[in-house]
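Trainee: Contents of model_34.pdb (PDB, C-alpha atoms) are below:
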MODEL        1
ATOM      1  CA  MET A 774       3.829 235.551 100.241
ATOM      2  CA  LEU A 775       5.512 232.504 101.728
ATOM      3  CA  GLU A 776       7.700 232.130  98.631
ATOM      4  CA  ILE A 777       9.615 235.224  99.725
ATOM      5  CA  ILE A 778      10.740 233.479 102.917
ATOM      6  CA  ASN A 779      13.302 230.980 101.722
ATOM      7  CA  PRO A 780      15.419 228.786 104.029
ATOM      8  CA  SER A 781      18.519 230.959 103.708
ATOM      9  CA  MET A 782      16.537 233.995 104.871
ATOM     10  CA  VAL A 783      15.238 232.112 107.915
ATOM     11  CA  SER A 784      18.776 231.037 108.664
ATOM     12  CA  LEU A 785      19.940 234.651 108.378
ATOM     13  CA  ILE A 786      17.252 235.876 110.793
ATOM     14  CA  GLN A 787      18.159 233.097 113.219
ATOM     15  CA  SER A 788      21.820 234.068 113.008
ATOM     16  CA  ILE A 789      21.104 237.748 113.617
ATOM     17  CA  LEU A 790      18.974 236.940 116.666
ATOM     18  CA  ILE A 791      21.629 234.609 118.081
ATOM     19  CA  ILE A 792      24.454 237.117 117.524
ATOM     20  CA  LEU A 793      22.428 239.907 119.137
ATOM     21  CA  SER A 794      21.672 237.691 122.116
ATOM     22  CA  GLY A 795      25.335 236.763 122.373
ATOM     23  CA  LEU A 796      26.290 240.442 122.414
ATOM     24  CA  VAL A 797      23.721 241.174 125.138
ATOM     25  CA  ILE A 798      25.019 238.272 127.211
ATOM     26  CA  LEU A 799      28.624 239.448 126.751
ATOM     27  CA  ILE A 800      27.838 243.026 127.771
ATOM     28  CA  ALA A 801      25.753 241.912 130.744
ATOM     29  CA  SER A 802      28.327 239.429 132.005
ATOM     30  CA  ILE A 803      31.064 242.073 131.906
ATOM     31  CA  GLY A 804      28.739 244.657 133.453
ATOM     32  CA  ILE A 805      27.591 242.428 136.317
ATOM     33  CA  LEU A 806      31.173 242.293 137.601
ATOM     34  CA  THR A 807      32.006 245.962 137.202
ATOM     35  CA  PHE A 808      29.486 247.223 139.759
ATOM     36  CA  ASP A 809      31.026 248.383 143.000
ATOM     37  CA  LYS A 810      30.273 245.692 145.582
ATOM     38  CA  ASP A 811      29.913 248.311 148.347
ATOM     39  CA  MET A 812      27.287 250.220 146.385
ATOM     40  CA  PRO A 813      23.885 250.285 148.144
ATOM     41  CA  ASN A 814      21.267 247.996 146.629
ATOM     42  CA  VAL A 815      23.836 246.301 144.378
ATOM     43  CA  VAL A 816      22.013 242.977 144.733
ATOM     44  CA  TYR A 817      18.865 244.415 143.163
ATOM     45  CA  VAL A 818      20.981 245.870 140.360
ATOM     46  CA  ARG A 819      22.485 242.457 139.674
ATOM     47  CA  ILE A 820      19.032 240.849 139.659
ATOM     48  CA  HIS A 821      17.991 243.465 137.104
ATOM     49  CA  VAL A 822      20.990 242.670 134.895
ATOM     50  CA  LEU A 823      20.147 238.996 135.199
ATOM     51  CA  GLY A 824      16.693 239.844 133.840
ATOM     52  CA  MET A 825      18.339 241.143 130.669
ATOM     53  CA  ILE A 826      20.203 237.849 130.262
ATOM     54  CA  ASP A 827      16.919 235.999 130.827
ATOM     55  CA  VAL A 828      15.384 237.826 127.868
ATOM     56  CA  ALA A 829      18.455 237.090 125.723
ATOM     57  CA  GLY A 830      18.093 233.419 126.645
ATOM     58  CA  ILE A 831      14.429 233.413 125.648
ATOM     59  CA  VAL A 832      15.339 234.974 122.273
ATOM     60  CA  VAL A 833      17.978 232.256 121.765
ATOM     61  CA  PHE A 834      15.433 229.552 122.546
ATOM     62  CA  LEU A 835      13.015 231.073 120.036
ATOM     63  CA  ALA A 836      15.728 231.408 117.376
ATOM     64  CA  LEU A 837      16.702 227.765 117.786
ATOM     65  CA  GLY A 838      13.083 226.628 117.581
ATOM     66  CA  GLN A 839      12.835 225.507 121.199
ATOM     67  CA  TYR A 840       9.442 227.004 121.935
ATOM     68  CA  LEU A 841       8.783 224.933 125.067
ATOM     69  CA  PHE A 842      11.955 226.283 126.688
ATOM     70  CA  ALA A 843      11.077 229.831 125.669
ATOM     71  CA  VAL A 844       7.532 229.779 127.040
ATOM     72  CA  LEU A 845       8.573 227.948 130.199
ATOM     73  CA  TYR A 846      11.343 230.365 131.020
ATOM     74  CA  LEU A 847       9.243 233.378 130.046
ATOM     75  CA  VAL A 848       6.730 232.311 132.705
ATOM     76  CA  LEU A 849       9.239 231.272 135.371
ATOM     77  CA  ALA A 850      11.828 234.086 135.123
ATOM     78  CA  PRO A 851       9.739 236.807 136.863
ATOM     79  CA  PHE A 852       8.945 234.459 139.757
ATOM     80  CA  LEU A 853      12.643 233.701 140.052
ATOM     81  CA  ALA A 854      13.693 237.356 140.145
ATOM     82  CA  HIS A 855      10.972 238.227 142.650
ATOM     83  CA  ALA A 856      11.870 235.299 144.912
ATOM     84  CA  MET A 857      15.528 236.322 145.001
ATOM     85  CA  ALA A 858      14.798 239.994 145.660
ATOM     86  CA  ASN A 859      12.209 239.130 148.306
ATOM     87  CA  ALA A 860      14.582 236.738 150.051
ATOM     88  CA  TYR A 861      17.344 239.322 150.097
ATOM     89  CA  PHE A 862      15.060 242.094 151.367
ATOM     90  CA  TYR A 863      13.740 240.101 154.326
ATOM     91  CA  GLY A 864      16.906 238.089 154.907
ATOM     92  CA  GLU A 865      20.034 240.166 154.553
ATOM     93  CA  ASP A 866      19.117 243.650 153.433
ATOM     94  CA  ASP A 867      20.139 245.782 156.418
ATOM     95  CA  TYR A 868      20.404 248.943 154.348
ATOM     96  CA  ASN A 869      16.713 249.096 153.468
ATOM     97  CA  THR A 870      15.170 247.020 156.228
ATOM     98  CA  LEU A 871      16.755 248.608 159.279
ATOM     99  CA  TYR A 872      16.733 252.188 158.106
ATOM    100  CA  ALA A 873      13.289 252.179 156.600
ATOM    101  CA  ALA A 874      10.798 249.503 157.561
ATOM    102  CA  ASP A 875      11.817 248.757 161.149
ATOM    103  CA  MET A 876      12.285 252.377 162.132
ATOM    104  CA  VAL A 877       8.930 253.436 160.763
ATOM    105  CA  GLU A 878       7.217 250.478 162.436
ATOM    106  CA  ASP A 879       8.831 251.324 165.793
ATOM    107  CA  LYS A 880       7.703 254.927 165.577
ATOM    108  CA  TYR A 881       4.152 253.959 164.735
ATOM    109  CA  ALA A 882       4.112 251.382 167.548
ATOM    110  CA  ALA A 883       5.428 254.022 169.937
ATOM    111  CA  LEU A 884       2.485 256.287 169.221
ATOM    112  CA  ASN A 885       0.096 253.648 170.588
ATOM    113  CA  ASP A 886       2.198 252.688 173.612
ATOM    114  CA  PRO A 887       2.798 255.396 176.281
ATOM    115  CA  ASP A 888       5.948 253.701 177.658
ATOM    116  CA  LYS A 889       7.574 253.383 174.261
ATOM    117  CA  LEU A 890       6.484 256.913 173.417
ATOM    118  CA  GLU A 891       8.357 258.210 176.436
ATOM    119  CA  ASP A 892      11.473 256.260 175.448
ATOM    120  CA  VAL A 893      11.379 257.534 171.902
ATOM    121  CA  ALA A 894      10.870 261.117 173.058
ATOM    122  CA  THR A 895      13.764 260.894 175.542
ATOM    123  CA  GLU A 896      16.103 259.423 172.903
ATOM    124  CA  ASP A 897      15.238 261.979 170.305
ATOM    125  CA  VAL A 898      15.736 265.060 172.512
ATOM    126  CA  SER A 899      19.002 263.903 174.057
ATOM    127  CA  GLY A 900      20.849 266.967 175.339
ATOM    128  CA  GLU A 901      17.657 268.778 176.314
ATOM    129  CA  ASP A 902      15.879 268.825 179.672
ATOM    130  CA  ALA A 903      14.051 265.560 180.413
ATOM    131  CA  ASP A 904      11.038 267.320 181.943
ATOM    132  CA  SER A 905      10.431 269.391 178.867
ATOM    133  CA  ALA A 906      10.872 266.258 176.790
ATOM    134  CA  GLU A 907       8.135 264.494 178.699
ATOM    135  CA  GLY A 908       5.853 267.485 178.350
ATOM    136  CA  ASN A 909       6.284 267.603 174.610
ATOM    137  CA  ALA A 910       6.401 263.883 174.071
ATOM    138  CA  ASP A 911       3.485 263.703 171.687
ATOM    139  CA  GLU A 912       4.714 266.507 169.449
ATOM    140  CA  THR A 913       8.320 265.249 169.404
ATOM    141  CA  ALA A 914       7.341 261.720 168.504
ATOM    142  CA  THR A 915       5.075 262.931 165.732
ATOM    143  CA  GLU A 916       7.773 265.226 164.332
ATOM    144  CA  ASN A 917      10.374 262.475 164.408
ATOM    145  CA  LEU A 918       7.981 260.094 162.750
ATOM    146  CA  ASP A 919       7.503 262.566 159.922
ATOM    147  CA  SER A 920      11.202 263.259 159.575
ATOM    148  CA  GLY A 921      11.987 259.538 159.668
ATOM    149  CA  VAL A 922       9.591 258.810 156.856
ATOM    150  CA  GLU A 923      10.891 261.731 154.801
ATOM    151  CA  SER A 924      14.550 260.866 155.273
ATOM    152  CA  ASN A 925      13.993 257.339 154.025
ATOM    153  CA  ASP A 926      12.404 258.426 150.813
TER     154      ASP A 926
ATOM    155  CA  MET B   3      30.959 227.682 106.752
ATOM    156  CA  GLU B   4      27.351 228.590 107.422
ATOM    157  CA  ILE B   5      26.551 231.838 109.175
ATOM    158  CA  LEU B   6      24.171 230.041 111.570
ATOM    159  CA  LEU B   7      26.973 227.778 112.752
ATOM    160  CA  ILE B   8      29.301 230.749 113.228
ATOM    161  CA  SER B   9      26.657 232.587 115.261
ATOM    162  CA  GLU B  10      26.117 229.495 117.415
ATOM    163  CA  TYR B  11      29.829 229.256 118.137
ATOM    164  CA  PHE B  12      29.878 232.980 118.976
ATOM    165  CA  LEU B  13      26.991 232.428 121.387
ATOM    166  CA  LEU B  14      28.837 229.515 122.990
ATOM    167  CA  VAL B  15      31.883 231.742 123.606
ATOM    168  CA  ALA B  16      29.651 234.461 125.108
ATOM    169  CA  LEU B  17      27.993 231.879 127.334
ATOM    170  CA  VAL B  18      31.320 230.542 128.576
ATOM    171  CA  ILE B  19      32.289 234.102 129.561
ATOM    172  CA  PHE B  20      28.902 234.449 131.281
ATOM    173  CA  LEU B  21      29.577 231.148 133.071
ATOM    174  CA  ILE B  22      32.855 232.507 134.464
ATOM    175  CA  SER B  23      31.100 235.729 135.448
ATOM    176  CA  SER B  24      28.416 233.717 137.269
ATOM    177  CA  MET B  25      31.073 231.798 139.179
ATOM    178  CA  ARG B  26      32.597 235.084 140.308
ATOM    179  CA  VAL B  27      29.157 236.264 141.493
ATOM    180  CA  ILE B  28      28.701 233.020 143.460
ATOM    181  CA  SER B  29      31.980 233.628 145.278
ATOM    182  CA  TYR B  30      30.752 236.832 146.951
ATOM    183  CA  LYS B  31      30.129 236.616 150.691
ATOM    184  CA  SER B  32      26.397 237.287 150.711
ATOM    185  CA  VAL B  33      23.996 234.323 150.523
ATOM    186  CA  ALA B  34      21.720 236.244 148.166
ATOM    187  CA  MET B  35      24.614 236.767 145.760
ATOM    188  CA  GLY B  36      25.226 233.017 145.805
ATOM    189  CA  LEU B  37      21.562 232.520 144.959
ATOM    190  CA  ILE B  38      21.756 234.949 142.029
ATOM    191  CA  GLY B  39      24.984 233.400 140.785
ATOM    192  CA  THR B  40      23.603 229.877 140.968
ATOM    193  CA  SER B  41      20.472 230.875 139.118
ATOM    194  CA  SER B  42      22.465 232.528 136.336
ATOM    195  CA  LEU B  43      24.835 229.542 136.189
ATOM    196  CA  THR B  44      21.872 227.208 135.708
ATOM    197  CA  LEU B  45      20.546 229.382 132.900
ATOM    198  CA  ALA B  46      23.961 229.516 131.216
ATOM    199  CA  VAL B  47      24.417 225.731 131.354
ATOM    200  CA  THR B  48      20.877 225.224 130.028
ATOM    201  CA  ILE B  49      21.475 227.473 127.008
ATOM    202  CA  ILE B  50      24.875 225.881 126.386
ATOM    203  CA  LEU B  51      23.284 222.425 126.385
ATOM    204  CA  VAL B  52      20.545 223.501 123.973
ATOM    205  CA  VAL B  53      23.016 225.166 121.579
ATOM    206  CA  ALA B  54      25.487 222.289 121.802
ATOM    207  CA  GLY B  55      22.671 219.829 121.185
ATOM    208  CA  THR B  56      21.668 221.787 118.084
ATOM    209  CA  VAL B  57      25.247 222.017 116.779
ATOM    210  CA  LEU B  58      26.087 218.376 117.425
ATOM    211  CA  GLY B  59      22.642 217.045 116.564
ATOM    212  CA  LEU B  60      22.199 215.247 119.885
ATOM    213  CA  GLY B  61      18.608 215.095 121.088
ATOM    214  CA  PHE B  62      19.146 214.080 124.692
ATOM    215  CA  PHE B  63      21.016 217.330 125.399
ATOM    216  CA  LYS B  64      17.670 219.071 125.217
ATOM    217  CA  ASP B  65      16.075 216.652 127.687
ATOM    218  CA  ILE B  66      18.849 217.288 130.174
ATOM    219  CA  ALA B  67      18.550 221.045 129.568
ATOM    220  CA  LEU B  68      14.797 220.942 130.199
ATOM    221  CA  ALA B  69      15.255 219.066 133.466
ATOM    222  CA  LEU B  70      18.009 221.450 134.523
ATOM    223  CA  LEU B  71      15.893 224.503 133.718
ATOM    224  CA  LEU B  72      12.925 223.273 135.746
ATOM    225  CA  LEU B  73      14.918 221.964 138.695
ATOM    226  CA  GLY B  74      17.115 225.063 138.781
ATOM    227  CA  VAL B  75      14.125 227.365 139.038
ATOM    228  CA  VAL B  76      12.398 225.183 141.644
ATOM    229  CA  GLY B  77      15.592 224.945 143.697
ATOM    230  CA  THR B  78      16.246 228.683 143.578
ATOM    231  CA  ILE B  79      12.688 229.569 144.615
ATOM    232  CA  GLY B  80      12.790 226.973 147.396
ATOM    233  CA  PHE B  81      16.057 228.260 148.767
ATOM    234  CA  ALA B  82      14.802 231.838 148.503
ATOM    235  CA  MET B  83      11.768 230.904 150.613
ATOM    236  CA  VAL B  84      14.005 229.368 153.266
ATOM    237  CA  LEU B  85      16.218 232.448 153.282
ATOM    238  CA  ARG B  86      13.181 234.687 153.643
ATOM    239  CA  ARG B  87      11.754 232.723 156.597
ATOM    240  CA  GLN B  88      15.088 232.776 158.391
ATOM    241  CA  ASP B  89      14.599 236.386 159.477
TER     242      ASP B  89
ENDMDL
END
Show how you would write the structure in this file as structure tokens.

Mentor:
Amino acid sequence: MLEIINPSMVSLIQSILIILSGLVILIASIGILTFDKDMPNVVYVRIHVLGMIDVAGIVVFLALGQYLFAVLYLVLAPFLAHAMANAYFYGEDDYNTLYAADMVEDKYAALNDPDKLEDVATEDVSGEDADSAEGNADETATENLDSGVESND
Amino acid sequence: MEILLISEYFLLVALVIFLISSMRVISYKSVAMGLIGTSSLTLAVTIILVVAGTVLGLGFFKDIALALLLLGVVGTIGFAMVLRRQD
């Protein structure tokens, strides 16, 4: 069985793996720059593309016989991607954080606090009579909470 | 010329293009983009060192690449933790 695998065949398989990885890296490096920078969630998209290059790198390490590099990076790459995405989400991501998490938290907090509930109800029915807004505060807050959660899906 | 050597040179060219692409990503305004770009730059330099070490037959290239791989990952995760606590 092992006689079939001669050195030239191993070299050919190594070459194919390296060329394929090179192609993946080329496509990904061109693609990572062609995304619109104003597109929402573009950072997560770039982290995803970087994951593809990570896999290409692991294949290169395996093809070159560097198994320590391959195993090490295979273990560390997911932690790296998660750390970057997590840091962006809690650090700079206004698009998702402000319009989803904070708003939902405020609405839930308002349900347990009568003063905040009144504020939320008054803000949400701007243009209507304030007395009727106070009377229907519970219903309005609950409706807005539902609509807020739905709109962020 | 051996096909393995040709493929290694092709990979080196692809990695140099990826290196330039990473530098462009670093230059974006956002701190997170700088983090992503630096991480990808570290990976590109590591692979270049491993391939160059294989082509040239120099063993210490791999030692430097191993150190760079580990320290790059540790540095990126550390900076990401700082960026996350900032908020």

Trainee: Applying the ChimeraX specification (/B :<8) & /A to the file I just gave you, which residues come out? Please list them as an MDAnalysis selection string.

Mentor: chainID A and resid 784:785 787:789 791:792 794:796 798:799 802:803 805:806 816 819:820 823 827 830 833:834 837 842 846 849 852:853 856:857 859:865

Trainee: What gap, in Å, lies between atom CA of Ala54 of chain B and atom CA of Leu841 of chain A?

Mentor: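 Result for atom CA of Ala54 of chain B versus atom CA of Leu841 of chain A: 17.2 Å, one decimal.
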
Trainee: Enter the distance from atom CA of Gln839 of chain A to atom CA of Val57 of chain B, in Å, rounded to one decimal.

Mentor: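 That distance, rounded to one decimal, is 13.6 Å.
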
Trainee: Find the axis-aligned box for segment 802-819 of chain A, covering all its listed atoms and adding 4 Å on each side, and write its centre and edge lengths in Å to one decimal as AutoDock Vina command-line options.

Mentor:
--center_x 25.4 --center_y 244.9 --center_z 140.1 --size_x 21.1 --size_y 18.9 --size_z 24.4

Trainee: Mind pulling up the distance from atom CA of Gly838 of chain A to atom CA of Ala69 of chain B?

Mentor: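 Separation between atom CA of Ala69 of chain B and atom CA of Gly838 of chain A: 17.7 Å.
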